[in-house]
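Trainee: So that you have it, the file is model_35.pdb, and it contains PDB, C-alpha atoms:
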```pdb
ATOM      1  CA  MET S   1       0.000   0.000   0.000  1.00  0.00           C
ATOM      2  CA  ASN S   2       1.463   3.364  -0.959  1.00  0.00           C
ATOM      3  CA  TYR S   3       1.118   6.553   1.087  1.00  0.00           C
ATOM      4  CA  PHE S   4      -1.704   7.908  -1.076  1.00  0.00           C
ATOM      5  CA  GLU S   5      -3.713   4.701  -0.643  1.00  0.00           C
ATOM      6  CA  LEU S   6      -2.993   4.722   3.094  1.00  0.00           C
ATOM      7  CA  PHE S   7      -4.407   8.247   3.391  1.00  0.00           C
ATOM      8  CA  GLU S   8      -7.134   7.545   0.806  1.00  0.00           C
ATOM      9  CA  LEU S   9      -5.894  10.442  -1.334  1.00  0.00           C
ATOM     10  CA  PRO S  10      -5.561  10.771  -5.089  1.00  0.00           C
ATOM     11  CA  ILE S  11      -1.965  10.852  -6.305  1.00  0.00           C
ATOM     12  CA  THR S  12      -1.138  14.529  -6.359  1.00  0.00           C
ATOM     13  CA  ILE S  13       1.721  16.823  -5.427  1.00  0.00           C
ATOM     14  CA  GLN S  14       0.021  19.608  -3.530  1.00  0.00           C
ATOM     15  CA  ILE S  15      -1.981  18.097  -0.742  1.00  0.00           C
ATOM     16  CA  ASP S  16      -4.577  20.014   1.235  1.00  0.00           C
ATOM     17  CA  ARG S  17      -2.840  20.396   4.613  1.00  0.00           C
ATOM     18  CA  THR S  18      -6.101  20.629   6.543  1.00  0.00           C
ATOM     19  CA  LYS S  19      -7.469  17.405   5.059  1.00  0.00           C
ATOM     20  CA  LEU S  20      -4.078  15.768   5.554  1.00  0.00           C
ATOM     21  CA  ALA S  21      -4.037  16.625   9.265  1.00  0.00           C
ATOM     22  CA  GLN S  22      -7.623  15.450   9.729  1.00  0.00           C
ATOM     23  CA  LYS S  23      -6.961  12.151   7.978  1.00  0.00           C
ATOM     24  CA  TYR S  24      -3.710  11.647   9.887  1.00  0.00           C
ATOM     25  CA  PHE S  25      -5.415  12.043  13.258  1.00  0.00           C
ATOM     26  CA  GLU S  26      -8.259   9.791  12.166  1.00  0.00           C
ATOM     27  CA  LEU S  27      -5.816   7.071  11.099  1.00  0.00           C
ATOM     28  CA  GLN S  28      -3.633   7.504  14.188  1.00  0.00           C
ATOM     29  CA  LYS S  29      -6.685   6.957  16.378  1.00  0.00           C
ATOM     30  CA  LYS S  30      -7.493   3.817  14.430  1.00  0.00           C
ATOM     31  CA  TYR S  31      -3.967   2.342  14.269  1.00  0.00           C
ATOM     32  CA  HIS S  32      -2.040   3.724  17.230  1.00  0.00           C
ATOM     33  CA  PRO S  33      -0.131   0.835  18.861  1.00  0.00           C
ATOM     34  CA  ASP S  34      -1.469   1.737  22.328  1.00  0.00           C
ATOM     35  CA  PHE S  35      -4.952   0.691  21.198  1.00  0.00           C
ATOM     36  CA  PHE S  36      -3.652  -2.791  20.426  1.00  0.00           C
ATOM     37  CA  ALA S  37      -2.004  -3.460  23.787  1.00  0.00           C
ATOM     38  CA  ASN S  38      -4.458  -6.303  24.430  1.00  0.00           C
ATOM     39  CA  GLY S  39      -4.378  -7.553  20.838  1.00  0.00           C
ATOM     40  CA  THR S  40      -2.459 -10.471  19.454  1.00  0.00           C
ATOM     41  CA  GLU S  41       1.238 -10.116  18.736  1.00  0.00           C
ATOM     42  CA  HIS S  42       0.401  -9.977  15.010  1.00  0.00           C
ATOM     43  CA  GLU S  43      -2.150  -7.171  15.567  1.00  0.00           C
ATOM     44  CA  GLN S  44       0.337  -5.233  17.688  1.00  0.00           C
ATOM     45  CA  GLN S  45       3.072  -5.595  15.056  1.00  0.00           C
ATOM     46  CA  GLN S  46       0.702  -4.583  12.256  1.00  0.00           C
ATOM     47  CA  ALA S  47      -0.463  -1.501  14.187  1.00  0.00           C
ATOM     48  CA  LEU S  48       3.158  -0.543  14.838  1.00  0.00           C
ATOM     49  CA  GLU S  49       4.017  -0.865  11.132  1.00  0.00           C
ATOM     50  CA  ILE S  50       0.985   1.111   9.989  1.00  0.00           C
ATOM     51  CA  SER S  51       1.623   3.818  12.580  1.00  0.00           C
ATOM     52  CA  SER S  52       5.215   4.069  11.381  1.00  0.00           C
ATOM     53  CA  GLU S  53       4.066   4.331   7.743  1.00  0.00           C
ATOM     54  CA  LEU S  54       1.575   7.047   8.717  1.00  0.00           C
ATOM     55  CA  ASN S  55       4.385   9.099  10.246  1.00  0.00           C
ATOM     56  CA  LYS S  56       6.612   8.655   7.180  1.00  0.00           C
ATOM     57  CA  ALA S  57       3.733   9.536   4.858  1.00  0.00           C
ATOM     58  CA  LEU S  58       2.869  12.646   6.853  1.00  0.00           C
ATOM     59  CA  LYS S  59       6.476  13.832   6.730  1.00  0.00           C
ATOM     60  CA  THR S  60       6.537  13.220   2.965  1.00  0.00           C
ATOM     61  CA  PHE S  61       3.233  14.972   2.298  1.00  0.00           C
ATOM     62  CA  LYS S  62       4.166  18.028   4.371  1.00  0.00           C
ATOM     63  CA  ASN S  63       7.178  18.685   2.125  1.00  0.00           C
ATOM     64  CA  THR S  64       6.536  19.366  -1.569  1.00  0.00           C
ATOM     65  CA  ASP S  65      10.025  18.229  -2.597  1.00  0.00           C
ATOM     66  CA  LEU S  66       9.608  14.928  -0.755  1.00  0.00           C
ATOM     67  CA  THR S  67       6.169  14.492  -2.322  1.00  0.00           C
ATOM     68  CA  ILE S  68       7.644  15.082  -5.792  1.00  0.00           C
ATOM     69  CA  LYS S  69      10.344  12.504  -5.033  1.00  0.00           C
ATOM     70  CA  TYR S  70       7.736  10.019  -3.799  1.00  0.00           C
ATOM     71  CA  VAL S  71       5.485  10.453  -6.851  1.00  0.00           C
ATOM     72  CA  LEU S  72       8.475  10.022  -9.180  1.00  0.00           C
ATOM     73  CA  GLN S  73       9.446   6.854  -7.301  1.00  0.00           C
ATOM     74  CA  LEU S  74       5.881   5.530  -7.533  1.00  0.00           C
ATOM     75  CA  LYS S  75       5.972   6.129 -11.275  1.00  0.00           C
ATOM     76  CA  GLY S  76       9.285   4.283 -11.565  1.00  0.00           C
ATOM     77  CA  LEU S  77      11.114   7.408 -12.751  1.00  0.00           C
ATOM     78  CA  LEU S  78      13.380   7.894  -9.748  1.00  0.00           C
ATOM     79  CA  GLU S  79      15.497   5.414  -7.872  1.00  0.00           C
ATOM     80  CA  GLU S  80      16.913   5.863  -4.403  1.00  0.00           C
ATOM     81  CA  GLU S  81      20.451   7.318  -4.597  1.00  0.00           C
ATOM     82  CA  GLU S  82      20.095   7.818  -8.357  1.00  0.00           C
ATOM     83  CA  LYS S  83      22.930   9.698 -10.053  1.00  0.00           C
ATOM     84  CA  TYR S  84      21.020  12.093 -12.286  1.00  0.00           C
ATOM     85  CA  GLN S  85      22.867  13.914 -15.060  1.00  0.00           C
ATOM     86  CA  LEU S  86      21.978  17.599 -14.874  1.00  0.00           C
ATOM     87  CA  PRO S  87      22.285  19.762 -18.001  1.00  0.00           C
ATOM     88  CA  PRO S  88      25.825  21.091 -18.601  1.00  0.00           C
ATOM     89  CA  ALA S  89      24.600  24.712 -18.745  1.00  0.00           C
ATOM     90  CA  PHE S  90      23.081  24.378 -15.269  1.00  0.00           C
ATOM     91  CA  LEU S  91      26.262  22.793 -13.923  1.00  0.00           C
ATOM     92  CA  MET S  92      28.383  25.606 -15.382  1.00  0.00           C
ATOM     93  CA  GLU S  93      26.106  28.168 -13.740  1.00  0.00           C
ATOM     94  CA  MET S  94      26.442  26.319 -10.423  1.00  0.00           C
ATOM     95  CA  MET S  95      30.227  26.156 -10.780  1.00  0.00           C
ATOM     96  CA  GLU S  96      30.331  29.931 -11.217  1.00  0.00           C
ATOM     97  CA  LEU S  97      28.008  30.391  -8.260  1.00  0.00           C
ATOM     98  CA  ASN S  98      30.214  28.125  -6.122  1.00  0.00           C
ATOM     99  CA  GLU S  99      33.320  30.114  -7.036  1.00  0.00           C
ATOM    100  CA  GLU S 100      31.683  33.393  -6.029  1.00  0.00           C
ATOM    101  CA  LEU S 101      30.022  32.328  -2.791  1.00  0.00           C
ATOM    102  CA  SER S 102      29.341  35.357  -0.650  1.00  0.00           C
ATOM    103  CA  ALA S 103      26.755  36.771   1.710  1.00  0.00           C
ATOM    104  CA  ASP S 104      24.563  37.556  -1.310  1.00  0.00           C
ATOM    105  CA  SER S 105      24.699  33.972  -2.565  1.00  0.00           C
ATOM    106  CA  ALA S 106      21.751  32.801  -0.452  1.00  0.00           C
ATOM    107  CA  LYS S 107      19.559  35.469  -2.019  1.00  0.00           C
ATOM    108  CA  GLN S 108      20.845  34.533  -5.464  1.00  0.00           C
ATOM    109  CA  ILE S 109      20.069  30.853  -4.827  1.00  0.00           C
ATOM    110  CA  GLN S 110      16.555  31.697  -3.659  1.00  0.00           C
ATOM    111  CA  GLU S 111      16.030  33.686  -6.861  1.00  0.00           C
ATOM    112  CA  LEU S 112      17.245  30.704  -8.900  1.00  0.00           C
ATOM    113  CA  GLU S 113      14.843  28.435  -7.015  1.00  0.00           C
ATOM    114  CA  THR S 114      11.990  30.810  -7.856  1.00  0.00           C
ATOM    115  CA  VAL S 115      12.887  30.705 -11.553  1.00  0.00           C
ATOM    116  CA  LEU S 116      13.156  26.911 -11.456  1.00  0.00           C
ATOM    117  CA  TYR S 117       9.778  26.671  -9.743  1.00  0.00           C
ATOM    118  CA  GLN S 118       8.108  28.895 -12.328  1.00  0.00           C
ATOM    119  CA  ASP S 119       9.039  26.381 -15.025  1.00  0.00           C
ATOM    120  CA  VAL S 120       7.160  23.581 -13.255  1.00  0.00           C
ATOM    121  CA  ALA S 121       4.580  25.493 -11.204  1.00  0.00           C
ATOM    122  CA  HIS S 122       1.736  24.508 -13.529  1.00  0.00           C
ATOM    123  CA  ILE S 123       2.661  20.828 -13.171  1.00  0.00           C
ATOM    124  CA  ILE S 124       3.018  20.960  -9.386  1.00  0.00           C
ATOM    125  CA  GLU S 125      -0.099  23.014  -8.780  1.00  0.00           C
ATOM    126  CA  ASN S 126      -2.344  21.113 -11.214  1.00  0.00           C
ATOM    127  CA  TYR S 127      -0.911  17.600 -11.086  1.00  0.00           C
ATOM    128  CA  GLN S 128      -3.445  14.871 -11.720  1.00  0.00           C
ATOM    129  CA  GLU S 129      -2.353  11.310 -12.232  1.00  0.00           C
ATOM    130  CA  ALA S 130      -4.822  10.730 -15.072  1.00  0.00           C
ATOM    131  CA  THR S 131      -3.540  13.615 -17.193  1.00  0.00           C
ATOM    132  CA  ALA S 132       0.139  13.807 -16.216  1.00  0.00           C
ATOM    133  CA  THR S 133       2.459  12.958 -19.070  1.00  0.00           C
ATOM    134  CA  THR S 134       5.850  11.318 -18.881  1.00  0.00           C
ATOM    135  CA  ALA S 135       7.285  14.609 -20.162  1.00  0.00           C
ATOM    136  CA  ASP S 136       5.705  16.427 -17.185  1.00  0.00           C
ATOM    137  CA  LEU S 137       7.156  13.892 -14.784  1.00  0.00           C
ATOM    138  CA  LEU S 138      10.607  14.107 -16.351  1.00  0.00           C
ATOM    139  CA  LYS S 139      10.457  17.893 -16.064  1.00  0.00           C
ATOM    140  CA  LEU S 140       9.605  17.471 -12.376  1.00  0.00           C
ATOM    141  CA  LYS S 141      12.516  15.085 -12.001  1.00  0.00           C
ATOM    142  CA  GLU S 142      14.960  17.621 -13.400  1.00  0.00           C
ATOM    143  CA  TYR S 143      13.461  20.312 -11.157  1.00  0.00           C
ATOM    144  CA  TYR S 144      13.845  18.012  -8.144  1.00  0.00           C
ATOM    145  CA  PHE S 145      17.536  17.382  -8.836  1.00  0.00           C
ATOM    146  CA  LYS S 146      18.314  21.029  -9.615  1.00  0.00           C
ATOM    147  CA  LYS S 147      16.652  22.126  -6.396  1.00  0.00           C
ATOM    148  CA  LYS S 148      18.510  19.429  -4.467  1.00  0.00           C
ATOM    149  CA  TYR S 149      21.784  20.714  -5.965  1.00  0.00           C
ATOM    150  CA  LEU S 150      20.958  24.277  -4.924  1.00  0.00           C
ATOM    151  CA  GLN S 151      20.100  23.083  -1.420  1.00  0.00           C
ATOM    152  CA  ARG S 152      23.523  21.471  -1.085  1.00  0.00           C
ATOM    153  CA  ILE S 153      25.141  24.806  -1.968  1.00  0.00           C
ATOM    154  CA  LEU S 154      22.942  26.586   0.585  1.00  0.00           C
ATOM    155  CA  ASP S 155      23.807  24.015   3.240  1.00  0.00           C
ATOM    156  CA  ARG S 156      27.504  24.517   2.573  1.00  0.00           C
ATOM    157  CA  LEU S 157      27.071  28.284   2.690  1.00  0.00           C
ATOM    158  CA  GLU S 158      25.258  28.120   6.024  1.00  0.00           C
ATOM    159  CA  GLY S 159      27.547  25.449   7.488  1.00  0.00           C
TER
END
```
Represent the structure of the file as structure tokens.
Mentor:
Amino acid sequence: MNYFELFELPITIQIDRTKLAQKYFELQKKYHPDFFANGTEHEQQQALEISSELNKALKTFKNTDLTIKYVLQLKGLLEEEEKYQLPPAFLMEMMELNEELSADSAKQIQELETVLYQDVAHIIENYQEATATTADLLKLKEYYFKKKYLQRILDRLEG
């Protein structure tokens, strides 16, 4: 069972946070391990596993980047620890940015993230499994890896 099935949600990228919280609390009440203290060992183990999956799903759904990653994995377009080849022009731009790291770099990176987002905003904001094309998903994949690259630069800048 995937996270969307667990939460009885359609596969989407932007999830209604209010509905998510309501469903999470409903499912936690149903599957919390404490409610199975008198159950069989199998029931207790199953409740523990479901409760753990609920927590992982909630964390994923609260973060758009993690949700994008999860959807791409569900679609078989992203593997864990995948080495994705970013476009050479992007890598050159990042190399220049790395060489000129300064106090203004964080602002510059945020501006780059905004530009990157604008290219995929329509996909993220209107994603529907039935109408999403492979091209849309591949565009999201590139966005995901570019944003991840920028985050590594930010982390290094802040660290």
Trainee: Rounded to one decimal place, report the CA of Asp104 (chain S)-CA of Lys62 (chain S) distance in Å.
Mentor: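 CA of Asp104 (chain S) sits 28.8 Å away from CA of Lys62 (chain S).
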Trainee: Could the centre and edge lengths of an axis-aligned box, enclosing all atoms of region 94-113 of chain S in the file with 6 Å extra on each side, be given in Å to one decimal as AutoDock Vina command-line options?
Mentor:
```
--center_x 24.1 --center_y 31.9 --center_z -4.8 --size_x 30.5 --size_y 23.4 --size_z 24.9
```
Trainee: Residues within 12 Å of region 28-37 of chain S, please, as a ChimeraX atom specification. Count all atoms listed in the file; anything in the same chain fewer than 2 positions from it doesn't count.
Mentor: /S:6-7,20-26,39-55,58
Trainee: Pick out the closest residue to Lys139 (chain S) from this set: S:Leu97, S:Leu86, S:Met92, S:Ser102. Count all atoms listed in the file.
Mentor: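 When distances to Lys139 (chain S) are compared using all atoms listed in the file, the smallest one comes from S:Leu86.
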Trainee: Take CA of Thr64 (chain S) and CA of Ala103 (chain S) and report the distance between them in Å, one decimal.
Mentor: 26.9 Å
Trainee: Taking all atoms listed in the file into account, which of S:Glu111, S:Leu157, S:Lys69, S:Glu129 comes nearest Thr12 (chain S)?
Mentor: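 Closest to Thr12 (chain S) of all the choices is S:Glu129.
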Trainee: Quick check, in Å to one decimal: how far apart do CA of Leu138 (chain S) and CA of Asn126 (chain S) lie?
Mentor: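 CA of Leu138 (chain S) sits 15.6 Å away from CA of Asn126 (chain S).
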Trainee: Could you tell me, as number ranges by chain, which residues have any atom at most 9 Å from (20.4, 25.0, -11.5), counting all atoms listed in the file?
Mentor: S: 86-87, 89-94, 109, 112-113, 116, 143, 145-147, 149-150
Trainee: Might you pull out every residue within 9 Å of Leu77 (chain S), with all atoms listed in the file counted and same-chain residues fewer than 6 positions away left off, and present them as a PyMOL selection string?
Mentor: chain S and resi 71+134+137-138+141
Trainee: Would you save the residues from that selection as a PDB file, keeping the file's coordinate frame, using C-alpha atoms?
Mentor:
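See part.pdb below for the written result:
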```
ATOM      1  CA  VAL S  71       5.485  10.453  -6.851  1.00  0.00           C
ATOM      2  CA  THR S 134       5.850  11.318 -18.881  1.00  0.00           C
ATOM      3  CA  LEU S 137       7.156  13.892 -14.784  1.00  0.00           C
ATOM      4  CA  LEU S 138      10.607  14.107 -16.351  1.00  0.00           C
ATOM      5  CA  LYS S 141      12.516  15.085 -12.001  1.00  0.00           C
TER       6      LYS S 141
END
```
Trainee: With only C-alpha atoms as the atoms that count, which of S:His122, S:Ala106, S:Leu140, S:Glu96 lies nearest to Arg152 (chain S)?
Mentor: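 Nearest candidate to Arg152 (chain S) out of S:His122, S:Ala106, S:Leu140, S:Glu96: S:Ala106.
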Trainee: Just the residues within 10 Å of Ile15 (chain S), please, counting all atoms listed in the file, with nothing from its chain fewer than 4 positions along; format it as a list in words.
Mentor: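 Listing them by chain and then by number gives Leu9, Pro10, Ile11, Lys19, Leu20, Phe61, Lys62, Asn63, Thr64, Thr67 and Glu125 of chain S.
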Trainee: Between S:Lys83, S:Asp136, S:Asn38, S:Lys107, which is the closest to Ala121 (chain S) once you count all atoms listed in the file?
Mentor: S:Asp136
Trainee: For Lys148 (chain S), which of S:Asp65, S:Asp119, S:Glu100, S:Glu79 is the closest residue, counting all atoms listed in the file?
Mentor: S:Asp65
Trainee: For region 46-65 of chain S, where the input has fewer atoms than it should, I would like N, CA and C atoms rebuilt and written as a short mmCIF file (atom, residue, chain, number, x, y, z; two decimals), in the coordinates of the input.
Mentor:
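Saved the output as part-v6.cif:
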```cif
data_model
loop_
_atom_site.label_atom_id
_atom_site.label_comp_id
_atom_site.auth_asym_id
_atom_site.auth_seq_id
_atom_site.Cartn_x
_atom_site.Cartn_y
_atom_site.Cartn_z
N GLN S 46 1.34 -5.25 13.41
CA GLN S 46 0.70 -4.58 12.26
C GLN S 46 0.38 -3.13 12.59
N ALA S 47 -0.15 -2.87 13.77
CA ALA S 47 -0.46 -1.50 14.19
C ALA S 47 0.81 -0.66 14.25
N LEU S 48 1.88 -1.25 14.76
CA LEU S 48 3.16 -0.54 14.84
C LEU S 48 3.67 -0.18 13.44
N GLU S 49 3.57 -1.12 12.51
CA GLU S 49 4.02 -0.86 11.13
C GLU S 49 3.17 0.21 10.45
N ILE S 50 1.86 0.12 10.62
CA ILE S 50 0.98 1.11 9.99
C ILE S 50 1.22 2.48 10.59
N SER S 51 1.36 2.55 11.91
CA SER S 51 1.62 3.82 12.58
C SER S 51 2.93 4.44 12.08
N SER S 52 3.93 3.60 11.90
CA SER S 52 5.22 4.07 11.38
C SER S 52 5.06 4.60 9.95
N GLU S 53 4.31 3.89 9.12
CA GLU S 53 4.07 4.33 7.74
C GLU S 53 3.29 5.64 7.72
N LEU S 54 2.34 5.80 8.63
CA LEU S 54 1.58 7.05 8.72
C LEU S 54 2.51 8.23 8.99
N ASN S 55 3.44 8.03 9.91
CA ASN S 55 4.38 9.10 10.25
C ASN S 55 5.29 9.44 9.07
N LYS S 56 5.77 8.42 8.36
CA LYS S 56 6.61 8.65 7.18
C LYS S 56 5.82 9.37 6.09
N ALA S 57 4.58 8.92 5.89
CA ALA S 57 3.73 9.54 4.86
C ALA S 57 3.46 10.99 5.20
N LEU S 58 3.15 11.27 6.44
CA LEU S 58 2.87 12.65 6.85
C LEU S 58 4.08 13.54 6.59
N LYS S 59 5.25 13.06 6.96
CA LYS S 59 6.48 13.83 6.73
C LYS S 59 6.66 14.09 5.23
N THR S 60 6.41 13.08 4.42
CA THR S 60 6.54 13.22 2.96
C THR S 60 5.54 14.23 2.42
N PHE S 61 4.29 14.11 2.83
CA PHE S 61 3.23 14.97 2.30
C PHE S 61 3.32 16.42 2.78
N LYS S 62 4.01 16.66 3.87
CA LYS S 62 4.17 18.03 4.37
C LYS S 62 5.25 18.79 3.61
N ASN S 63 6.06 18.08 2.83
CA ASN S 63 7.18 18.68 2.12
C ASN S 63 7.00 18.44 0.62
N THR S 64 6.80 19.50 -0.13
CA THR S 64 6.54 19.37 -1.57
C THR S 64 7.66 18.63 -2.29
N ASP S 65 8.90 18.91 -1.93
CA ASP S 65 10.02 18.23 -2.60
C ASP S 65 10.00 16.72 -2.32
#
```
